[in-house]
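Asker: Structure file structure-v1.txt (compact mmCIF, C-alpha atoms (C1' of nucleotides)) right here:
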# COMPACT_ATOMS: atom_id res chain seq x y z
CA MET A 1 178.06 27.44 -77.04
CA GLY A 2 178.99 30.31 -74.72
CA THR A 3 177.31 32.63 -77.19
CA SER A 4 174.04 34.29 -76.25
CA LYS A 5 171.16 33.94 -78.70
CA THR A 6 170.93 37.73 -78.95
CA GLU A 7 169.08 37.70 -82.27
CA HIS A 8 166.03 36.21 -80.56
CA PHE A 9 165.62 39.03 -78.10
CA SER A 10 164.45 42.59 -78.56
CA ALA A 11 166.88 45.45 -79.17
CA ARG A 12 165.89 46.91 -75.83
CA GLU A 13 166.53 43.64 -74.01
CA ASN A 14 169.90 43.25 -75.64
CA GLU A 15 170.86 46.86 -74.99
CA MET A 16 169.96 46.66 -71.32
CA ALA A 17 171.72 43.34 -70.93
CA LEU A 18 174.90 44.86 -72.38
CA LEU A 19 174.76 47.78 -69.96
CA MET A 20 174.17 45.48 -67.01
CA LYS A 21 176.91 43.17 -68.14
CA ALA A 22 179.33 46.08 -68.41
CA LEU A 23 178.69 46.83 -64.74
CA GLY A 24 178.76 43.15 -63.83
CA HIS A 25 182.30 43.16 -62.52
CA PRO A 26 183.51 44.62 -59.20
CA ALA A 27 186.47 46.32 -60.86
CA ARG A 28 184.17 48.16 -63.23
CA ILE A 29 181.86 49.17 -60.40
CA ALA A 30 184.95 50.42 -58.58
CA ILE A 31 186.05 52.41 -61.62
CA ILE A 32 182.64 54.09 -61.83
CA ASP A 33 182.76 54.81 -58.09
CA TYR A 34 186.19 56.36 -58.44
CA LEU A 35 185.20 58.48 -61.41
CA LEU A 36 182.20 59.73 -59.48
CA LYS A 37 184.40 60.60 -56.52
CA VAL A 38 187.05 62.54 -58.40
CA ASN A 39 184.44 64.12 -60.66
CA THR A 40 186.91 65.77 -63.02
CA CYS A 41 188.35 62.79 -64.73
CA ILE A 42 191.74 61.26 -64.14
CA CYS A 43 193.16 58.21 -65.82
CA GLY A 44 196.40 56.46 -64.80
CA ASP A 45 195.32 57.04 -61.23
CA ILE A 46 192.71 54.34 -61.69
CA VAL A 47 195.53 51.86 -62.07
CA ASN A 48 196.95 52.98 -58.70
CA GLU A 49 193.49 52.83 -57.16
CA LEU A 50 192.69 49.27 -58.21
CA PRO A 51 194.43 46.00 -57.27
CA LEU A 52 194.88 45.10 -60.91
CA ALA A 53 197.67 45.33 -63.44
CA GLN A 54 197.64 48.11 -66.01
CA PRO A 55 196.60 45.97 -68.99
CA THR A 56 193.69 44.59 -66.98
CA VAL A 57 192.49 48.06 -66.04
CA SER A 58 192.86 49.15 -69.64
CA GLN A 59 190.67 46.25 -70.70
CA HIS A 60 187.97 47.10 -68.17
CA LEU A 61 188.03 50.73 -69.27
CA LYS A 62 187.57 49.61 -72.85
CA GLU A 63 184.49 47.61 -71.92
CA LEU A 64 182.96 50.51 -70.05
CA LYS A 65 183.71 52.76 -73.01
CA ASN A 66 182.18 50.29 -75.49
CA ALA A 67 179.04 50.19 -73.39
CA GLY A 68 178.97 54.00 -73.49
CA LEU A 69 179.18 54.32 -69.74
CA ILE A 70 182.40 56.36 -69.82
CA LYS A 71 184.13 58.66 -72.27
CA GLY A 72 187.85 59.04 -72.96
CA ASN A 73 189.56 62.23 -74.04
CA ILE A 74 193.12 62.38 -75.27
CA GLU A 75 194.96 64.93 -73.18
CA GLY A 76 198.46 65.17 -74.60
CA ASN A 77 200.29 62.14 -73.39
CA ALA A 78 197.60 60.73 -71.16
CA ILE A 79 194.00 59.76 -71.74
CA CYS A 80 191.36 61.11 -69.44
CA TYR A 81 188.27 59.10 -68.69
CA CYS A 82 184.99 60.27 -67.23
CA ILE A 83 181.40 59.22 -66.69
CA ASN A 84 179.04 59.47 -69.65
CA GLY A 85 175.92 60.72 -67.92
CA GLU A 86 173.68 60.26 -70.95
CA THR A 87 173.97 56.50 -70.95
CA PHE A 88 173.37 56.32 -67.23
CA PHE A 89 170.14 58.20 -67.67
CA LYS A 90 168.99 55.78 -70.36
CA PHE A 91 169.75 53.14 -67.79
CA GLN A 92 167.65 54.93 -65.22
CA ASP A 93 164.69 55.17 -67.55
CA PHE A 94 164.64 51.41 -67.88
CA LEU A 95 164.96 50.85 -64.17
CA SER A 96 162.39 53.46 -63.24
CA LEU A 97 159.88 51.56 -65.33
CA ILE A 98 160.71 48.35 -63.51
CA PHE A 99 160.51 49.97 -60.09
CA GLU A 100 157.21 51.59 -60.95
CA LYS A 101 155.73 48.25 -61.89
CA ILE A 102 157.11 46.57 -58.79
CA GLN A 103 155.60 49.20 -56.56
CA ASN A 104 152.19 48.64 -58.12
CA GLN A 105 152.44 44.94 -57.46
CA LYS A 106 151.03 43.68 -54.19
CA ASP A 107 153.53 41.52 -52.37
CA ASN A 108 151.92 38.33 -53.62
CA CYS A 109 154.38 35.74 -54.72
CA CYS A 110 151.90 33.19 -56.08
CA MET B 1 192.37 33.20 -64.96
CA GLY B 2 188.72 33.86 -65.78
CA THR B 3 188.22 34.40 -62.07
CA SER B 4 187.52 37.88 -60.76
CA LYS B 5 189.70 39.09 -57.89
CA THR B 6 186.62 39.65 -55.75
CA GLU B 7 188.52 39.59 -52.46
CA HIS B 8 190.17 42.88 -53.38
CA PHE B 9 186.94 44.77 -53.75
CA SER B 10 184.44 45.97 -51.18
CA ALA B 11 181.39 43.92 -50.22
CA ARG B 12 179.20 46.59 -51.77
CA GLU B 13 181.12 46.55 -55.04
CA ASN B 14 180.94 42.78 -55.23
CA GLU B 15 177.27 42.71 -54.33
CA MET B 16 176.33 45.27 -56.96
CA ALA B 17 178.45 43.53 -59.57
CA LEU B 18 176.64 40.27 -58.88
CA LEU B 19 173.24 41.92 -59.29
CA MET B 20 174.32 43.61 -62.52
CA LYS B 21 175.81 40.40 -63.81
CA ALA B 22 172.59 38.53 -63.08
CA LEU B 23 170.77 40.99 -65.34
CA GLY B 24 173.58 40.94 -67.89
CA HIS B 25 171.88 38.54 -70.26
CA PRO B 26 168.96 39.30 -72.60
CA ALA B 27 167.12 36.14 -71.58
CA ARG B 28 167.22 37.16 -67.95
CA ILE B 29 166.04 40.67 -68.78
CA ALA B 30 163.23 39.06 -70.78
CA ILE B 31 162.31 36.86 -67.82
CA ILE B 32 162.09 39.90 -65.54
CA ASP B 33 160.01 41.72 -68.16
CA TYR B 34 157.66 38.80 -68.43
CA LEU B 35 157.28 38.43 -64.68
CA LEU B 36 156.49 42.12 -64.45
CA LYS B 37 153.88 41.79 -67.17
CA VAL B 38 152.02 38.81 -65.74
CA ASN B 39 152.40 40.15 -62.19
CA THR B 40 151.06 37.08 -60.49
CA CYS B 41 153.80 34.63 -61.20
CA ILE B 42 153.73 31.82 -63.69
CA CYS B 43 156.51 29.36 -64.39
CA GLY B 44 156.52 26.89 -67.26
CA ASP B 45 155.03 29.66 -69.36
CA ILE B 46 158.41 31.32 -69.35
CA VAL B 47 159.74 28.39 -71.34
CA ASN B 48 157.03 28.98 -73.96
CA GLU B 49 157.75 32.69 -73.95
CA LEU B 50 161.49 32.42 -74.58
CA PRO B 51 163.34 30.98 -77.58
CA LEU B 52 165.36 28.70 -75.34
CA ALA B 53 165.16 25.08 -74.28
CA GLN B 54 163.75 24.16 -70.90
CA PRO B 55 167.07 23.33 -69.22
CA THR B 56 168.49 26.66 -70.37
CA VAL B 57 165.56 28.60 -68.96
CA SER B 58 165.84 26.64 -65.73
CA GLN B 59 169.48 27.67 -65.49
CA HIS B 60 168.69 31.35 -66.04
CA LEU B 61 165.97 31.18 -63.40
CA LYS B 62 168.46 29.68 -60.98
CA GLU B 63 170.87 32.55 -61.53
CA LEU B 64 168.15 35.15 -60.98
CA LYS B 65 167.11 33.31 -57.85
CA ASN B 66 170.68 33.10 -56.55
CA ALA B 67 171.02 36.83 -57.04
CA GLY B 68 167.82 37.31 -55.05
CA LEU B 69 166.03 39.01 -57.93
CA ILE B 70 163.24 36.46 -58.08
CA LYS B 71 161.59 34.03 -55.68
CA GLY B 72 160.28 30.53 -56.38
CA ASN B 73 157.36 28.91 -54.59
CA ILE B 74 156.46 25.26 -54.91
CA GLU B 75 152.84 25.06 -55.97
CA GLY B 76 151.95 21.38 -56.08
CA ASN B 77 153.45 20.04 -59.23
CA ALA B 78 154.80 23.25 -60.66
CA ILE B 79 157.11 25.94 -59.30
CA CYS B 80 155.94 29.48 -59.43
CA TYR B 81 158.46 32.29 -59.83
CA CYS B 82 157.99 35.97 -59.17
CA ILE B 83 159.92 39.20 -58.74
CA ASN B 84 161.61 39.80 -55.40
CA GLY B 85 160.95 43.51 -54.97
CA GLU B 86 163.26 43.90 -51.96
CA THR B 87 166.40 43.18 -53.93
CA PHE B 88 165.34 45.49 -56.70
CA PHE B 89 164.99 48.30 -54.21
CA LYS B 90 168.48 47.67 -52.87
CA PHE B 91 169.51 47.96 -56.47
CA GLN B 92 167.69 51.25 -56.80
CA ASP B 93 169.39 52.68 -53.72
CA PHE B 94 172.76 52.10 -55.30
CA LEU B 95 171.72 53.60 -58.60
CA SER B 96 169.99 56.60 -57.06
CA LEU B 97 173.27 57.49 -55.41
CA ILE B 98 175.05 57.29 -58.73
CA PHE B 99 172.45 59.34 -60.54
CA GLU B 100 172.49 61.96 -57.81
CA LYS B 101 176.22 62.38 -58.16
CA ILE B 102 176.03 62.50 -61.92
CA GLN B 103 173.42 65.24 -61.80
CA ASN B 104 175.66 67.33 -59.57
CA GLN B 105 178.51 67.00 -62.01
CA LYS B 106 178.87 69.66 -64.65
CA ASP B 107 179.18 68.17 -68.09
CA ASN B 108 182.95 68.54 -68.11
CA CYS B 109 184.75 65.53 -69.42
CA CYS B 110 188.33 66.68 -68.64
C1' DA M 1 217.66 62.15 -80.87
C1' DA M 2 217.33 59.32 -76.80
C1' DT M 3 214.48 58.47 -72.96
C1' DC M 4 210.55 58.56 -70.09
C1' DT M 5 205.60 58.33 -69.35
C1' DT M 6 201.18 56.76 -70.41
C1' DT M 7 198.04 53.79 -72.45
C1' DA M 8 196.71 50.22 -75.74
C1' DT M 9 197.20 45.75 -77.82
C1' DC M 10 198.85 40.91 -78.41
C1' DG M 11 199.16 36.40 -76.83
C1' DT M 12 198.11 33.09 -73.64
C1' DA M 13 196.51 30.39 -69.51
C1' DA M 14 192.82 29.59 -66.35
C1' DT M 15 188.22 29.73 -65.56
C1' DA M 16 183.24 30.98 -66.43
C1' DT M 17 179.16 31.16 -69.25
C1' DT M 18 175.76 29.61 -72.52
C1' DG M 19 172.99 26.20 -74.47
C1' DC M 20 171.05 21.77 -74.87
C1' DG M 21 170.18 16.63 -74.98
C1' DA M 22 169.64 13.12 -71.76
C1' DT M 23 168.10 11.99 -67.55
C1' DA M 24 166.48 12.43 -62.69
C1' DT M 25 162.86 13.85 -59.46
C1' DA M 26 158.43 14.63 -57.75
C1' DA M 27 153.76 15.73 -57.71
C1' DA M 28 149.23 15.20 -60.48
C1' DA M 29 146.18 12.70 -63.28
C1' DA M 30 144.51 8.67 -65.38
C1' DT U 1 149.98 2.00 -60.12
C1' DT U 2 151.22 3.62 -64.57
C1' DT U 3 151.52 7.74 -67.02
C1' DT U 4 151.71 12.47 -67.64
C1' DT U 5 153.35 17.08 -66.43
C1' DA U 6 156.71 20.27 -64.62
C1' DT U 7 161.42 21.30 -63.14
C1' DA U 8 165.93 20.47 -61.98
C1' DT U 9 170.44 18.50 -62.69
C1' DC U 10 174.30 16.21 -65.25
C1' DG U 11 177.57 16.24 -68.76
C1' DC U 12 179.45 18.19 -72.51
C1' DA U 13 180.87 21.33 -76.46
C1' DA U 14 181.53 25.97 -77.95
C1' DT U 15 182.62 30.34 -76.75
C1' DA U 16 183.52 34.33 -73.53
C1' DT U 17 185.79 36.49 -69.69
C1' DT U 18 189.53 37.64 -66.62
C1' DA U 19 194.13 38.58 -65.72
C1' DC U 20 198.72 39.64 -66.87
C1' DG U 21 203.53 39.72 -68.98
C1' DA U 22 205.53 41.37 -73.01
C1' DT U 23 205.48 44.67 -76.25
C1' DA U 24 203.83 48.46 -79.26
C1' DA U 25 202.56 53.28 -80.01
C1' DA U 26 202.68 58.05 -79.25
C1' DG U 27 203.32 62.21 -76.98
C1' DA U 28 206.44 64.60 -73.31
C1' DT U 29 210.89 65.46 -71.41
C1' DT U 30 215.64 65.79 -71.31
In structure tokens, how does this file's structure come out?
Answerer:
Amino acid sequence: MGTSKTEHFSARENEMALLMKALGHPARIAIIDYLLKVNTCICGDIVNELPLAQPTVSQHLKELKNAGLIKGNIEGNAICYCINGETFFKFQDFLSLIFEKIQNQKDNCC
Amino acid sequence: MGTSKTEHFSARENEMALLMKALGHPARIAIIDYLLKVNTCICGDIVNELPLAQPTVSQHLKELKNAGLIKGNIEGNAICYCINGETFFKFQDFLSLIFEKIQNQKDNCC
DNA sequence: AATCTTTATCGTAATATTGCGATATAAAAA
DNA sequence: TTTTTATATCGCAATATTACGATAAAGATT
């Protein structure tokens, strides 16, 4: 095993799980944090910022990009990454719904 | 390897990553969805609801519980699970901060 | 053109995750 | 008290993730 039975879940469930999973690593949270801090996107600097080797950072960036959470623009020699706001807002929509429902629930755990 | 270098990241980064990771599987998203729908918590019904065997569901519930996203109360024979709103709100605090920053960013990817 | 800089990819080792059958545990029902 | 019901745990196989050294690729610099 090790494979999720994705075909048995809804597209929405799978999509959200992928987004969550993409943020399910401290290095990737740290990358998002850094990108938010520097606003205008930088790239190789992330390698200096994190306690990880360059190939490892590159791999994490790839996962964030695949999930649509960041974008990468070729800028001559370097590649410049930045937050992809759109995806984050899709994320928020999902969570807002959850939070709304939670708020309407009385605090009755069984 | 296979182990994250958690000691090199901040407590907040690690904490958020763990929450995200806990929701990083469609079955666990589906469990949260179901618990939100039925409000007052049910337990063995989750097994009927999901296309997974009982031990697998039990394992997913354990992970959600470890992350603090759900609570489990012994109710005689059965065990009754329900959403733990508190943790979700901690979650929201983190995300609100992100969304706030994103909104303040112009749409300039490099 | 040769070299440097920057990032991606390959290959691999260590570990984690997913899923489930078999089994344990514990309360309820008969 | 035996049986049923409801969950958890063990053990295992298949696969995924994490991390990194080595190397490739591609534009910039000299």
Asker: With the cut-off set at 10 Å and counting only C-alpha atoms (C1' of nucleotides), tabulate each residue of chain M with an atom at most that distance from an atom of chain A, showing the nearest atom pair and its distance in Å to one decimal, ordered by chain and increasing number, as a tab-separated table.
Answerer:
residue	atom	partner	partner_atom	distance
M:DT5	C1'	A:Asn77	CA	7.7
M:DT6	C1'	A:Ala78	CA	5.4
M:DT7	C1'	A:Ala78	CA	7.1
M:DA8	C1'	A:Ser58	CA	7.3
M:DT9	C1'	A:Pro55	CA	8.9
M:DA16	C1'	A:Gly2	CA	9.3
M:DT17	C1'	A:Gly2	CA	5.5
M:DT18	C1'	A:Gly2	CA	4.0
M:DG19	C1'	A:Met1	CA	5.8
M:DC20	C1'	A:Met1	CA	9.3
Asker: I'm after chain A in the frame of chain B: fit it by least squares over all Cα atoms matched in order, and give me the output as a compact mmCIF listing (two decimals) with C-alpha atoms, in the coordinates of the input.
Answerer:
# COMPACT_ATOMS: atom_id res chain seq x y z
CA MET A 1 192.36 33.14 -65.00
CA GLY A 2 188.69 33.83 -65.76
CA THR A 3 188.19 34.34 -62.04
CA SER A 4 187.51 37.82 -60.72
CA LYS A 5 189.71 39.05 -57.88
CA THR A 6 186.61 39.59 -55.73
CA GLU A 7 188.51 39.54 -52.45
CA HIS A 8 190.18 42.83 -53.36
CA PHE A 9 186.96 44.74 -53.75
CA SER A 10 184.46 45.95 -51.19
CA ALA A 11 181.40 43.90 -50.23
CA ARG A 12 179.21 46.58 -51.75
CA GLU A 13 181.13 46.53 -55.03
CA ASN A 14 180.95 42.77 -55.22
CA GLU A 15 177.26 42.70 -54.32
CA MET A 16 176.35 45.26 -56.96
CA ALA A 17 178.47 43.54 -59.56
CA LEU A 18 176.64 40.27 -58.88
CA LEU A 19 173.25 41.93 -59.29
CA MET A 20 174.32 43.62 -62.51
CA LYS A 21 175.82 40.42 -63.80
CA ALA A 22 172.59 38.55 -63.07
CA LEU A 23 170.78 41.00 -65.34
CA GLY A 24 173.58 40.95 -67.89
CA HIS A 25 171.88 38.54 -70.25
CA PRO A 26 168.96 39.31 -72.60
CA ALA A 27 167.13 36.15 -71.58
CA ARG A 28 167.21 37.19 -67.95
CA ILE A 29 166.05 40.69 -68.79
CA ALA A 30 163.24 39.08 -70.77
CA ILE A 31 162.30 36.87 -67.83
CA ILE A 32 162.08 39.91 -65.55
CA ASP A 33 160.01 41.74 -68.17
CA TYR A 34 157.65 38.80 -68.43
CA LEU A 35 157.28 38.44 -64.69
CA LEU A 36 156.48 42.13 -64.45
CA LYS A 37 153.87 41.80 -67.17
CA VAL A 38 152.01 38.82 -65.75
CA ASN A 39 152.39 40.15 -62.21
CA THR A 40 151.02 37.06 -60.49
CA CYS A 41 153.75 34.62 -61.16
CA ILE A 42 153.71 31.80 -63.66
CA CYS A 43 156.49 29.38 -64.38
CA GLY A 44 156.52 26.88 -67.27
CA ASP A 45 155.04 29.64 -69.37
CA ILE A 46 158.42 31.33 -69.35
CA VAL A 47 159.75 28.42 -71.34
CA ASN A 48 157.03 28.99 -73.97
CA GLU A 49 157.75 32.71 -73.94
CA LEU A 50 161.48 32.45 -74.56
CA PRO A 51 163.36 31.02 -77.57
CA LEU A 52 165.36 28.73 -75.33
CA ALA A 53 165.18 25.11 -74.29
CA GLN A 54 163.76 24.20 -70.90
CA PRO A 55 167.08 23.37 -69.22
CA THR A 56 168.50 26.70 -70.37
CA VAL A 57 165.55 28.62 -68.95
CA SER A 58 165.85 26.66 -65.73
CA GLN A 59 169.49 27.67 -65.49
CA HIS A 60 168.71 31.35 -66.04
CA LEU A 61 165.98 31.19 -63.41
CA LYS A 62 168.45 29.69 -60.98
CA GLU A 63 170.86 32.56 -61.53
CA LEU A 64 168.17 35.15 -60.99
CA LYS A 65 167.10 33.32 -57.84
CA ASN A 66 170.68 33.12 -56.53
CA ALA A 67 171.03 36.85 -57.04
CA GLY A 68 167.81 37.32 -55.06
CA LEU A 69 166.04 39.02 -57.92
CA ILE A 70 163.23 36.46 -58.08
CA LYS A 71 161.59 34.04 -55.68
CA GLY A 72 160.27 30.54 -56.36
CA ASN A 73 157.35 28.92 -54.60
CA ILE A 74 156.48 25.26 -54.91
CA GLU A 75 152.87 25.02 -55.99
CA GLY A 76 152.02 21.33 -56.08
CA ASN A 77 153.56 19.98 -59.22
CA ALA A 78 154.84 23.23 -60.64
CA ILE A 79 157.11 25.93 -59.30
CA CYS A 80 155.97 29.50 -59.43
CA TYR A 81 158.46 32.29 -59.84
CA CYS A 82 158.00 35.97 -59.17
CA ILE A 83 159.92 39.21 -58.74
CA ASN A 84 161.61 39.81 -55.41
CA GLY A 85 160.94 43.50 -54.96
CA GLU A 86 163.23 43.89 -51.97
CA THR A 87 166.38 43.18 -53.93
CA PHE A 88 165.33 45.51 -56.70
CA PHE A 89 164.96 48.30 -54.21
CA LYS A 90 168.45 47.68 -52.86
CA PHE A 91 169.50 47.97 -56.46
CA GLN A 92 167.70 51.26 -56.79
CA ASP A 93 169.37 52.69 -53.73
CA PHE A 94 172.75 52.12 -55.30
CA LEU A 95 171.72 53.60 -58.60
CA SER A 96 169.99 56.59 -57.08
CA LEU A 97 173.26 57.49 -55.42
CA ILE A 98 175.06 57.29 -58.74
CA PHE A 99 172.44 59.34 -60.55
CA GLU A 100 172.48 61.96 -57.83
CA LYS A 101 176.22 62.36 -58.17
CA ILE A 102 176.03 62.50 -61.95
CA GLN A 103 173.43 65.22 -61.83
CA ASN A 104 175.65 67.32 -59.59
CA GLN A 105 178.51 66.98 -62.02
CA LYS A 106 178.83 69.66 -64.67
CA ASP A 107 179.16 68.14 -68.11
CA ASN A 108 182.93 68.52 -68.09
CA CYS A 109 184.75 65.55 -69.43
CA CYS A 110 188.30 66.70 -68.68
Asker: Could you tell me, as a PDB file with C-alpha atoms (C1' of nucleotides), keeping the file's coordinate frame, which residues have any atom at most 12 Å from (197.7, 27.8, -68.3), counting all atoms listed in the file?
Answerer:
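What ended up in result_5.pdb:
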ATOM      1  CA  MET B   1     192.370  33.200 -64.960  1.00  0.00           C
ATOM      2  CA  GLY B   2     188.720  33.860 -65.780  1.00  0.00           C
TER       3      GLY B   2
ATOM      4  C1'  DT M  12     198.110  33.090 -73.640  1.00  0.00           C
ATOM      5  C1'  DA M  13     196.510  30.390 -69.510  1.00  0.00           C
ATOM      6  C1'  DA M  14     192.820  29.590 -66.350  1.00  0.00           C
ATOM      7  C1'  DT M  15     188.220  29.730 -65.560  1.00  0.00           C
TER       8       DT M  15
ATOM      9  C1'  DA U  19     194.130  38.580 -65.720  1.00  0.00           C
ATOM     10  C1'  DC U  20     198.720  39.640 -66.870  1.00  0.00           C
TER      11       DC U  20
END
Asker: Specify as an MDAnalysis selection string all residues of chain U found within 8 Å of chain A, counting only C-alpha atoms (C1' of nucleotides).
Answerer: chainID U and resid 13:16 19:20 26:28
Asker: Would you give me, as an MDAnalysis selection string, the residues of chain A that come within 7 Å of chain B, using all atoms listed in the file?
Answerer: chainID A and resid 6 8:9 13:14 17:18 20:21 23:26 29:30 36 39:41 51 80 82 85 101:102 105 109:110
Asker: Expressed in Å to a single decimal, how great is the separation between CA of Ile46 (chain A) and CA of Leu64 (chain A)?
Answerer: 13.4 Å
Asker: Save C-alpha atoms of region 55-110 of chain B from the block above as a JSON list (two decimals), in the first residue's frame.
Answerer:
[["chain", "number", "residue", "atom", "x", "y", "z"],
["B", 55, "PRO", "CA", -8.76, -0.58, 11.03],
["B", 56, "THR", "CA", -7.88, 2.01, 8.40],
["B", 57, "VAL", "CA", -10.59, 4.38, 9.56],
["B", 58, "SER", "CA", -9.50, 3.85, 13.15],
["B", 59, "GLN", "CA", -5.98, 4.85, 12.16],
["B", 60, "HIS", "CA", -7.15, 8.02, 10.42],
["B", 61, "LEU", "CA", -9.24, 8.93, 13.45],
["B", 62, "LYS", "CA", -6.19, 8.49, 15.64],
["B", 63, "GLU", "CA", -4.19, 10.89, 13.50],
["B", 64, "LEU", "CA", -6.92, 13.51, 13.59],
["B", 65, "LYS", "CA", -7.14, 13.07, 17.34],
["B", 66, "ASN", "CA", -3.38, 13.36, 17.79],
["B", 67, "ALA", "CA", -3.44, 16.59, 15.83],
["B", 68, "GLY", "CA", -6.19, 17.84, 18.14],
["B", 69, "LEU", "CA", -8.66, 18.29, 15.30],
["B", 70, "ILE", "CA", -11.21, 15.91, 16.78],
["B", 71, "LYS", "CA", -12.13, 14.64, 20.23],
["B", 72, "GLY", "CA", -13.27, 11.17, 21.25],
["B", 73, "ASN", "CA", -15.62, 10.41, 24.12],
["B", 74, "ILE", "CA", -16.27, 6.94, 25.46],
["B", 75, "GLU", "CA", -20.01, 6.37, 25.39],
["B", 76, "GLY", "CA", -20.61, 2.96, 26.91],
["B", 77, "ASN", "CA", -19.70, 0.47, 24.27],
["B", 78, "ALA", "CA", -18.93, 2.85, 21.46],
["B", 79, "ILE", "CA", -16.61, 5.83, 21.12],
["B", 80, "CYS", "CA", -18.06, 9.04, 19.89],
["B", 81, "TYR", "CA", -15.91, 11.44, 17.88],
["B", 82, "CYS", "CA", -16.52, 15.08, 17.16],
["B", 83, "ILE", "CA", -14.80, 18.20, 15.86],
["B", 84, "ASN", "CA", -12.50, 20.06, 18.25],
["B", 85, "GLY", "CA", -13.35, 23.64, 17.34],
["B", 86, "GLU", "CA", -10.50, 25.17, 19.37],
["B", 87, "THR", "CA", -7.80, 23.69, 17.19],
["B", 88, "PHE", "CA", -9.59, 24.74, 14.05],
["B", 89, "PHE", "CA", -9.63, 28.30, 15.27],
["B", 90, "LYS", "CA", -5.90, 28.21, 15.93],
["B", 91, "PHE", "CA", -5.67, 27.05, 12.37],
["B", 92, "GLN", "CA", -7.77, 29.96, 11.21],
["B", 93, "ASP", "CA", -5.59, 32.48, 13.03],
["B", 94, "PHE", "CA", -2.59, 31.29, 11.09],
["B", 95, "LEU", "CA", -4.41, 31.37, 7.80],
["B", 96, "SER", "CA", -6.01, 34.75, 8.40],
["B", 97, "LEU", "CA", -2.54, 36.19, 8.80],
["B", 98, "ILE", "CA", -1.48, 34.68, 5.51],
["B", 99, "PHE", "CA", -4.56, 35.87, 3.67],
["B", 100, "GLU", "CA", -4.16, 39.35, 5.09],
["B", 101, "LYS", "CA", -0.62, 39.57, 3.79],
["B", 102, "ILE", "CA", -1.60, 38.19, 0.42],
["B", 103, "GLN", "CA", -4.33, 40.78, 0.05],
["B", 104, "ASN", "CA", -1.85, 43.56, 0.73],
["B", 105, "GLN", "CA", 0.44, 42.27, -1.96],
["B", 106, "LYS", "CA", 0.03, 43.67, -5.43],
["B", 107, "ASP", "CA", -0.26, 40.94, -8.00],
["B", 108, "ASN", "CA", 3.38, 41.24, -9.00],
["B", 109, "CYS", "CA", 5.10, 37.93, -9.41],
["B", 110, "CYS", "CA", 8.66, 39.26, -9.95]]
